[in-house]
Each structure stands twice: as C-alpha cells, then as structure tokens.
>>> print(open('model35.pdb').read())   # PDB, C-alpha atoms
ATOM      1  CA  MET X   1       9.733  20.735 -95.486
ATOM      2  CA  ILE X   2      10.704  17.343 -94.219
ATOM      3  CA  ALA X   3       9.550  15.861 -97.479
ATOM      4  CA  GLN X   4      11.848  18.170 -99.410
ATOM      5  CA  THR X   5      14.774  17.242 -97.184
ATOM      6  CA  LEU X   6      14.132  13.550 -97.777
ATOM      7  CA  LEU X   7      13.860  14.048-101.525
ATOM      8  CA  ALA X   8      17.101  15.934-101.583
ATOM      9  CA  ALA X   9      18.866  13.226 -99.626
ATOM     10  CA  ALA X  10      17.541  10.552-101.973
ATOM     11  CA  GLU X  11      18.707  12.389-105.095
ATOM     12  CA  GLU X  12      22.155  12.810-103.666
ATOM     13  CA  HIS X  13      22.532   9.084-103.063
ATOM     14  CA  GLY X  14      21.244   8.222-106.445
ATOM     15  CA  ALA X  15      18.120   6.469-105.317
ATOM     16  CA  GLU X  16      15.044   6.377-107.394
ATOM     17  CA  THR X  17      12.106   8.214-106.031
ATOM     18  CA  GLU X  18       9.397   6.513-107.899
ATOM     19  CA  GLY X  19       7.167   5.383-105.120
ATOM     20  CA  ASN X  20       6.519   6.183-101.546
ATOM     21  CA  ILE X  21       9.494   7.715 -99.826
ATOM     22  CA  ILE X  22       8.357   6.517 -96.399
ATOM     23  CA  LEU X  23       8.382   2.812 -97.329
ATOM     24  CA  PRO X  24      11.975   1.476 -97.676
ATOM     25  CA  ALA X  25      13.173  -0.707-100.483
ATOM     26  CA  PRO X  26      12.355  -4.455-100.252
ATOM     27  CA  TYR X  27      15.956  -5.543 -99.741
ATOM     28  CA  ASP X  28      16.219  -3.119 -96.769
ATOM     29  CA  LEU X  29      13.071  -4.640 -95.307
ATOM     30  CA  LEU X  30      14.450  -8.149 -95.796
ATOM     31  CA  TRP X  31      17.744  -7.430 -94.104
ATOM     32  CA  SER X  32      15.999  -5.499 -91.306
ATOM     33  CA  ILE X  33      13.721  -8.517 -90.669
ATOM     34  CA  VAL X  34      16.711 -10.935 -90.659
ATOM     35  CA  ILE X  35      18.715  -8.777 -88.225
ATOM     36  CA  PHE X  36      15.630  -8.223 -86.039
ATOM     37  CA  THR X  37      15.026 -12.019 -85.973
ATOM     38  CA  ILE X  38      18.668 -12.705 -84.993
ATOM     39  CA  ILE X  39      18.517 -10.091 -82.242
ATOM     40  CA  ALA X  40      15.153 -11.446 -81.037
ATOM     41  CA  VAL X  41      16.467 -15.052 -80.961
ATOM     42  CA  VAL X  42      19.635 -14.027 -79.078
ATOM     43  CA  PHE X  43      17.542 -11.963 -76.716
ATOM     44  CA  ALA X  44      15.040 -14.803 -76.171
ATOM     45  CA  ARG X  45      17.714 -17.516 -75.728
ATOM     46  CA  VAL X  46      20.452 -15.681 -73.805
ATOM     47  CA  ILE X  47      19.343 -12.433 -72.226
ATOM     48  CA  LEU X  48      15.748 -13.292 -71.367
ATOM     49  CA  PRO X  49      16.642 -16.489 -69.369
ATOM     50  CA  LYS X  50      19.271 -14.571 -67.395
ATOM     51  CA  LEU X  51      16.818 -11.766 -66.766
ATOM     52  CA  GLN X  52      14.137 -14.283 -65.806
ATOM     53  CA  LYS X  53      16.596 -16.007 -63.444
ATOM     54  CA  VAL X  54      17.438 -12.697 -61.732
ATOM     55  CA  LEU X  55      13.733 -11.852 -61.418
ATOM     56  CA  ASP X  56      12.966 -15.329 -60.004
ATOM     57  CA  GLU X  57      15.786 -14.983 -57.446
ATOM     58  CA  ARG X  58      14.493 -11.571 -56.470
ATOM     59  CA  ALA X  59      10.938 -12.943 -56.168
ATOM     60  CA  GLU X  60      12.206 -15.820 -53.989
ATOM     61  CA  LEU X  61      14.179 -13.382 -51.853
ATOM     62  CA  ILE X  62      11.128 -11.178 -51.439
ATOM     63  CA  GLN X  63       8.923 -14.197 -50.689
ATOM     64  CA  GLY X  64      11.499 -15.423 -48.132
ATOM     65  CA  GLY X  65      11.554 -11.966 -46.551
ATOM     66  CA  ILE X  66       7.772 -11.940 -46.373
ATOM     67  CA  GLU X  67       7.745 -15.402 -44.789
ATOM     68  CA  LYS X  68      10.416 -14.340 -42.282
ATOM     69  CA  ALA X  69       8.433 -11.222 -41.482
ATOM     70  CA  GLU X  70       5.246 -13.247 -41.009
ATOM     71  CA  LYS X  71       7.126 -15.739 -38.828
ATOM     72  CA  ALA X  72       8.662 -12.917 -36.776
ATOM     73  CA  GLN X  73       5.242 -11.302 -36.442
ATOM     74  CA  ALA X  74       3.723 -14.607 -35.299
ATOM     75  CA  GLU X  75       6.552 -15.058 -32.779
ATOM     76  CA  ALA X  76       6.054 -11.495 -31.544
ATOM     77  CA  ALA X  77       2.321 -12.104 -31.178
ATOM     78  CA  ALA X  78       3.014 -15.333 -29.247
ATOM     79  CA  ALA X  79       5.544 -13.543 -27.042
ATOM     80  CA  LEU X  80       3.035 -10.751 -26.405
ATOM     81  CA  GLU X  81       0.349 -13.278 -25.526
ATOM     82  CA  GLU X  82       2.753 -15.101 -23.190
ATOM     83  CA  TYR X  83       3.811 -11.802 -21.620
ATOM     84  CA  THR X  84       0.185 -10.816 -21.138
ATOM     85  CA  ALA X  85      -0.576 -14.185 -19.546
ATOM     86  CA  GLN X  86       2.442 -13.888 -17.241
ATOM     87  CA  LEU X  87       1.455 -10.343 -16.323
ATOM     88  CA  THR X  88      -2.090 -11.454 -15.535
ATOM     89  CA  GLU X  89      -0.749 -14.347 -13.474
ATOM     90  CA  ALA X  90       1.658 -12.043 -11.634
ATOM     91  CA  ARG X  91      -1.140  -9.600 -10.847
ATOM     92  CA  ALA X  92      -3.317 -12.433  -9.545
ATOM     93  CA  GLU X  93      -0.396 -13.715  -7.439
ATOM     94  CA  ALA X  94       0.233 -10.214  -6.071
ATOM     95  CA  ALA X  95      -3.455  -9.858  -5.181
ATOM     96  CA  ARG X  96      -3.396 -13.258  -3.451
ATOM     97  CA  ILE X  97      -0.252 -12.321  -1.516
ATOM     98  CA  ARG X  98      -1.818  -9.003  -0.445
ATOM     99  CA  GLU X  99      -4.967 -10.805   0.691
ATOM    100  CA  ASP X 100      -2.908 -13.390   2.586
ATOM    101  CA  ALA X 101      -0.947 -10.571   4.205
ATOM    102  CA  ARG X 102      -4.179  -8.838   5.253
ATOM    103  CA  VAL X 103      -5.535 -12.061   6.745
ATOM    104  CA  GLU X 104      -2.240 -12.737   8.511
ATOM    105  CA  ALA X 105      -2.121  -9.164   9.816
ATOM    106  CA  ALA X 106      -5.663  -9.521  11.162
ATOM    107  CA  GLN X 107      -4.696 -12.800  12.846
ATOM    108  CA  ILE X 108      -1.549 -11.246  14.341
ATOM    109  CA  LEU X 109      -3.550  -8.253  15.558
ATOM    110  CA  ALA X 110      -6.215 -10.506  17.101
ATOM    111  CA  GLU X 111      -3.509 -12.636  18.749
ATOM    112  CA  ALA X 112      -1.761  -9.516  20.061
ATOM    113  CA  ARG X 113      -5.056  -8.206  21.477
ATOM    114  CA  ARG X 114      -5.783 -11.558  23.083
ATOM    115  CA  ARG X 115      -2.302 -11.665  24.625
ATOM    116  CA  ALA X 116      -2.618  -8.072  25.794
ATOM    117  CA  GLY X 117      -5.971  -8.877  27.397
ATOM    118  CA  THR X 118      -4.559 -11.991  29.032
ATOM    119  CA  ASP X 119      -1.477 -10.096  30.227
ATOM    120  CA  ALA X 120      -3.654  -7.270  31.539
ATOM    121  CA  GLU X 121      -5.878  -9.724  33.413
ATOM    122  CA  ARG X 122      -2.812 -11.455  34.836
ATOM    123  CA  ILE X 123      -1.259  -8.138  35.873
ATOM    124  CA  VAL X 124      -4.535  -7.001  37.478
ATOM    125  CA  GLU X 125      -4.903 -10.336  39.259
ATOM    126  CA  THR X 126      -1.289 -10.227  40.468
ATOM    127  CA  ALA X 127      -1.714  -6.633  41.618
ATOM    128  CA  GLN X 128      -4.942  -7.531  43.407
ATOM    129  CA  ARG X 129      -3.240 -10.453  45.178
ATOM    130  CA  GLN X 130      -0.340  -8.216  46.121
ATOM    131  CA  ILE X 131      -2.714  -5.557  47.422
ATOM    132  CA  ASP X 132      -4.618  -8.183  49.413
ATOM    133  CA  ALA X 133      -1.359  -9.571  50.811
ATOM    134  CA  GLU X 134      -0.116  -6.093  51.743
ATOM    135  CA  ARG X 135      -3.496  -5.248  53.292
ATOM    136  CA  HIS X 136      -3.424  -8.476  55.298
ATOM    137  CA  GLN X 137       0.147  -7.754  56.319
ATOM    138  CA  ALA X 138      -0.817  -4.210  57.299
ATOM    139  CA  VAL X 139      -3.787  -5.494  59.295
ATOM    140  CA  VAL X 140      -1.587  -8.013  61.094
ATOM    141  CA  SER X 141       1.084  -5.362  61.709
ATOM    142  CA  LEU X 142      -1.534  -2.902  62.925
ATOM    143  CA  ARG X 143      -3.109  -5.535  65.178
ATOM    144  CA  THR X 144       0.255  -6.275  66.697
ATOM    145  CA  GLU X 145       1.105  -2.613  67.245
ATOM    146  CA  VAL X 146      -2.388  -1.727  68.425
ATOM    147  CA  GLY X 147      -2.318  -4.744  70.707
ATOM    148  CA  THR X 148       1.025  -3.711  72.159
ATOM    149  CA  LEU X 149      -0.127  -0.135  72.589
ATOM    150  CA  ALA X 150      -3.419  -1.270  74.072
ATOM    151  CA  THR X 151      -1.632  -3.562  76.489
ATOM    152  CA  ASP X 152       0.724  -0.800  77.574
ATOM    153  CA  LEU X 153      -2.156   1.612  77.942
ATOM    154  CA  ALA X 154      -4.274  -0.912  79.817
ATOM    155  CA  SER X 155      -1.349  -1.713  82.074
ATOM    156  CA  ARG X 156      -0.940   1.943  82.923
ATOM    157  CA  ILE X 157      -4.670   2.432  83.459
ATOM    158  CA  VAL X 158      -5.164  -0.684  85.522
ATOM    159  CA  GLY X 159      -1.933  -0.234  87.247
ATOM    160  CA  GLU X 160      -0.907  -3.808  86.989
ATOM    161  CA  SER X 161       1.144  -5.606  84.459
ATOM    162  CA  LEU X 162      -0.549  -7.525  81.730
ATOM    163  CA  ALA X 163       2.483  -9.549  80.866
ATOM    164  CA  ASP X 164       0.567 -12.779  80.751
ATOM    165  CA  ASP X 165       0.174 -13.686  77.050
ATOM    166  CA  ALA X 166      -3.250 -15.225  77.370
ATOM    167  CA  ARG X 167      -4.575 -12.293  79.282
ATOM    168  CA  GLN X 168      -2.855  -9.899  76.925
ATOM    169  CA  GLN X 169      -4.407 -11.660  73.941
ATOM    170  CA  ARG X 170      -7.891 -11.492  75.452
ATOM    171  CA  VAL X 171      -7.572  -7.773  76.170
ATOM    172  CA  ILE X 172      -6.274  -7.091  72.636
ATOM    173  CA  ASP X 173      -9.042  -9.091  70.996
ATOM    174  CA  ALA X 174     -11.691  -7.369  73.080
ATOM    175  CA  PHE X 175     -10.243  -3.937  72.267
ATOM    176  CA  LEU X 176     -10.078  -4.650  68.534
ATOM    177  CA  THR X 177     -13.594  -6.052  68.489
ATOM    178  CA  ASP X 178     -14.845  -2.886  70.171
ATOM    179  CA  LEU X 179     -12.841  -0.774  67.773
ATOM    180  CA  GLU X 180     -14.176  -2.605  64.712
ATOM    181  CA  SER X 181     -17.776  -2.309  65.915
ATOM    182  CA  THR X 182     -17.303   1.393  66.507
ATOM    183  CA  VAL X 183     -15.851   1.913  63.027
ATOM    184  CA  LYS X 184     -18.679  -0.074  61.450
ATOM    185  CA  ALA X 185     -21.265   1.872  63.397
ATOM    186  CA  GLU X 186     -19.813   5.187  62.243
ATOM    187  CA  GLY X 187     -19.218   4.106  58.626
TER     188      GLY X 187
END
>>> encode(input="model35.pdb", output="structure tokens")
Amino acid sequence: MIAQTLLAAAEEHGAETEGNIILPAPYDLLWSIVIFTIIAVVFARVILPKLQKVLDERAELIQGGIEKAEKAQAEAAAALEEYTAQLTEARAEAARIREDARVEAAQILAEARRRAGTDAERIVETAQRQIDAERHQAVVSLRTEVGTLATDLASRIVGESLADDARQQRVIDAFLTDLESTVKAEG
C-alpha cells in the first residue's frame, strides 16, 4: 500500500519511475550531501566549540565542587580529631583534678583528726589540772575547816583555850593524821 501511494505521488509530479523508488535521483543526493556538509561544518566550527566550552566549564565547576567537598571533609576530619583529642585531654584533666581532690580531702581529714586528737588531749589535760587544783583547794579548805572545828572541839573537851597557833597546828596535824589512817584502814 505504501508502494502504491509513492507511485501515485511520483506520477502526479511527472517523475519517471524507471528504477528503484526508494533511492532518490542523483542530483537530490548531491544537493543533500552539500547541505549536510555545510551543516556539519557550521556545527563543527560554531556550535560544537560553544557546546564543548559549556561542558568544560561544567566539568571544572563539578571538579571544583568535588575538591571543595574533599577539602571540607578533610577539615571536618581534622576538627573531629582535634575535638576528640581535646575531649580526651579534658577527661584526663578531670580525672587528675578528682584524684587531687581526693588526696587533698584525705589530707584535710587526717589533719582535722590530728587537731581533734590534740585538742582533746589538751582539753583532758586542762580538765585534769583543774580537777587536781580544785581537789587540792578542797583539801586545803577542808583541812582549815576541820582544823578549826577540831580546835574548837578540843578546846571544849579540854576546857582550855587552844589559841596558841603552834599548839593549834600540832593538834590539827595530829587529828588529821589519825583521821587519814582511819580512812585508809577502813578503805
């Protein structure tokens, strides 16, 4: 059917149909080759260099982007490494500070215990001295009162006055000696 349509079109235009209807006439081939050559030369000399220039610019832009990306990635890796190193250093510093604080706390605690022990010993010693002083004072006070009472009692018993200090002292000493020996014998 296509062949019939082509034959009909050729008869209408007055063309001879003596050969192959698919192959055009030689003058058509010649002019087609000339026009194709002109178009190919224009394309190769004008359009192709512009197209190549655009493609080269795009390739350079892409290559520059890749290089920037690689550079940014390298910088990020270096920053990460630096951050990791700083973090490790900070952790080590924190551990050292904690250890120093523990040691210092132990020293402060030991010093506080030593001071507390020293203060306690001093307080006990002071209290003991005060007790000894009060005991001595009580003994002296008791001796004086007992001596006075003993002298008054002896004066009443004997019926004479023991106002003489030397005599009074002898009587008091004798009484206290007897009293101490009696207490020791009972205790």
>>> atom_distance(input="model35.pdb", atom1="CA of Thr177 in chain X", atom2="CA of Val146 in chain X")
12.0 Å
>>> atom_distance(input="model35.pdb", atom1="CA of Ala74 in chain X", atom2="CA of Asp56 in chain X")
26.4 Å
>>> atom_distance(input="model35.pdb", atom1="CA of Arg170 in chain X", atom2="CA of Leu153 in chain X")
14.5 Å
>>> closest_residue(input="model35.pdb", among="X:Glu134, X:Ala85, X:Leu176, X:Ile21", to="Leu149 in chain X", atoms="only C-alpha atoms")
X:Leu176
>>> build_atoms(input="model35.pdb", residues="range 97-109 of chain X", atoms="N, CA, C and O atoms", output="mmCIF file, keeping the file's coordinate frame")
data_model
loop_
_atom_site.group_PDB
_atom_site.id
_atom_site.type_symbol
_atom_site.label_atom_id
_atom_site.label_comp_id
_atom_site.auth_asym_id
_atom_site.auth_seq_id
_atom_site.Cartn_x
_atom_site.Cartn_y
_atom_site.Cartn_z
ATOM 1 N N ILE X 97 -1.232 -12.582 -2.580
ATOM 2 C CA ILE X 97 -0.252 -12.321 -1.516
ATOM 3 C C ILE X 97 -0.737 -11.173 -0.633
ATOM 4 O O ILE X 97 -0.625 -11.246 0.605
ATOM 5 N N ARG X 98 -1.286 -10.113 -1.249
ATOM 6 C CA ARG X 98 -1.818 -9.003 -0.445
ATOM 7 C C ARG X 98 -2.954 -9.476 0.455
ATOM 8 O O ARG X 98 -3.034 -9.111 1.628
ATOM 9 N N GLU X 99 -3.843 -10.299 -0.098
ATOM 10 C CA GLU X 99 -4.967 -10.805 0.691
ATOM 11 C C GLU X 99 -4.470 -11.688 1.833
ATOM 12 O O GLU X 99 -4.953 -11.588 2.964
ATOM 13 N N ASP X 100 -3.491 -12.552 1.533
ATOM 14 C CA ASP X 100 -2.908 -13.390 2.586
ATOM 15 C C ASP X 100 -2.265 -12.532 3.665
ATOM 16 O O ASP X 100 -2.378 -12.831 4.863
ATOM 17 N N ALA X 101 -1.592 -11.464 3.241
ATOM 18 C CA ALA X 101 -0.947 -10.571 4.205
ATOM 19 C C ALA X 101 -1.999 -9.876 5.078
ATOM 20 O O ALA X 101 -1.801 -9.719 6.293
ATOM 21 N N ARG X 102 -3.114 -9.476 4.472
ATOM 22 C CA ARG X 102 -4.179 -8.838 5.253
ATOM 23 C C ARG X 102 -4.748 -9.819 6.287
ATOM 24 O O ARG X 102 -4.970 -9.469 7.434
ATOM 25 N N VAL X 103 -4.996 -11.043 5.831
ATOM 26 C CA VAL X 103 -5.535 -12.061 6.745
ATOM 27 C C VAL X 103 -4.547 -12.330 7.867
ATOM 28 O O VAL X 103 -4.919 -12.394 9.050
ATOM 29 N N GLU X 104 -3.273 -12.471 7.500
ATOM 30 C CA GLU X 104 -2.240 -12.737 8.511
ATOM 31 C C GLU X 104 -2.114 -11.563 9.475
ATOM 32 O O GLU X 104 -1.956 -11.753 10.686
ATOM 33 N N ALA X 105 -2.200 -10.339 8.953
ATOM 34 C CA ALA X 105 -2.121 -9.164 9.816
ATOM 35 C C ALA X 105 -3.308 -9.142 10.787
ATOM 36 O O ALA X 105 -3.141 -8.808 11.972
ATOM 37 N N ALA X 106 -4.489 -9.486 10.289
ATOM 38 C CA ALA X 106 -5.663 -9.521 11.162
ATOM 39 C C ALA X 106 -5.491 -10.591 12.245
ATOM 40 O O ALA X 106 -5.840 -10.365 13.410
ATOM 41 N N GLN X 107 -4.938 -11.743 11.862
ATOM 42 C CA GLN X 107 -4.696 -12.800 12.846
ATOM 43 C C GLN X 107 -3.659 -12.356 13.882
ATOM 44 O O GLN X 107 -3.840 -12.589 15.083
ATOM 45 N N ILE X 108 -2.586 -11.723 13.417
ATOM 46 C CA ILE X 108 -1.549 -11.246 14.341
ATOM 47 C C ILE X 108 -2.122 -10.202 15.275
ATOM 48 O O ILE X 108 -1.858 -10.220 16.484
ATOM 49 N N LEU X 109 -2.932 -9.292 14.736
ATOM 50 C CA LEU X 109 -3.550 -8.253 15.558
ATOM 51 C C LEU X 109 -4.495 -8.874 16.588
ATOM 52 O O LEU X 109 -4.477 -8.489 17.770
#
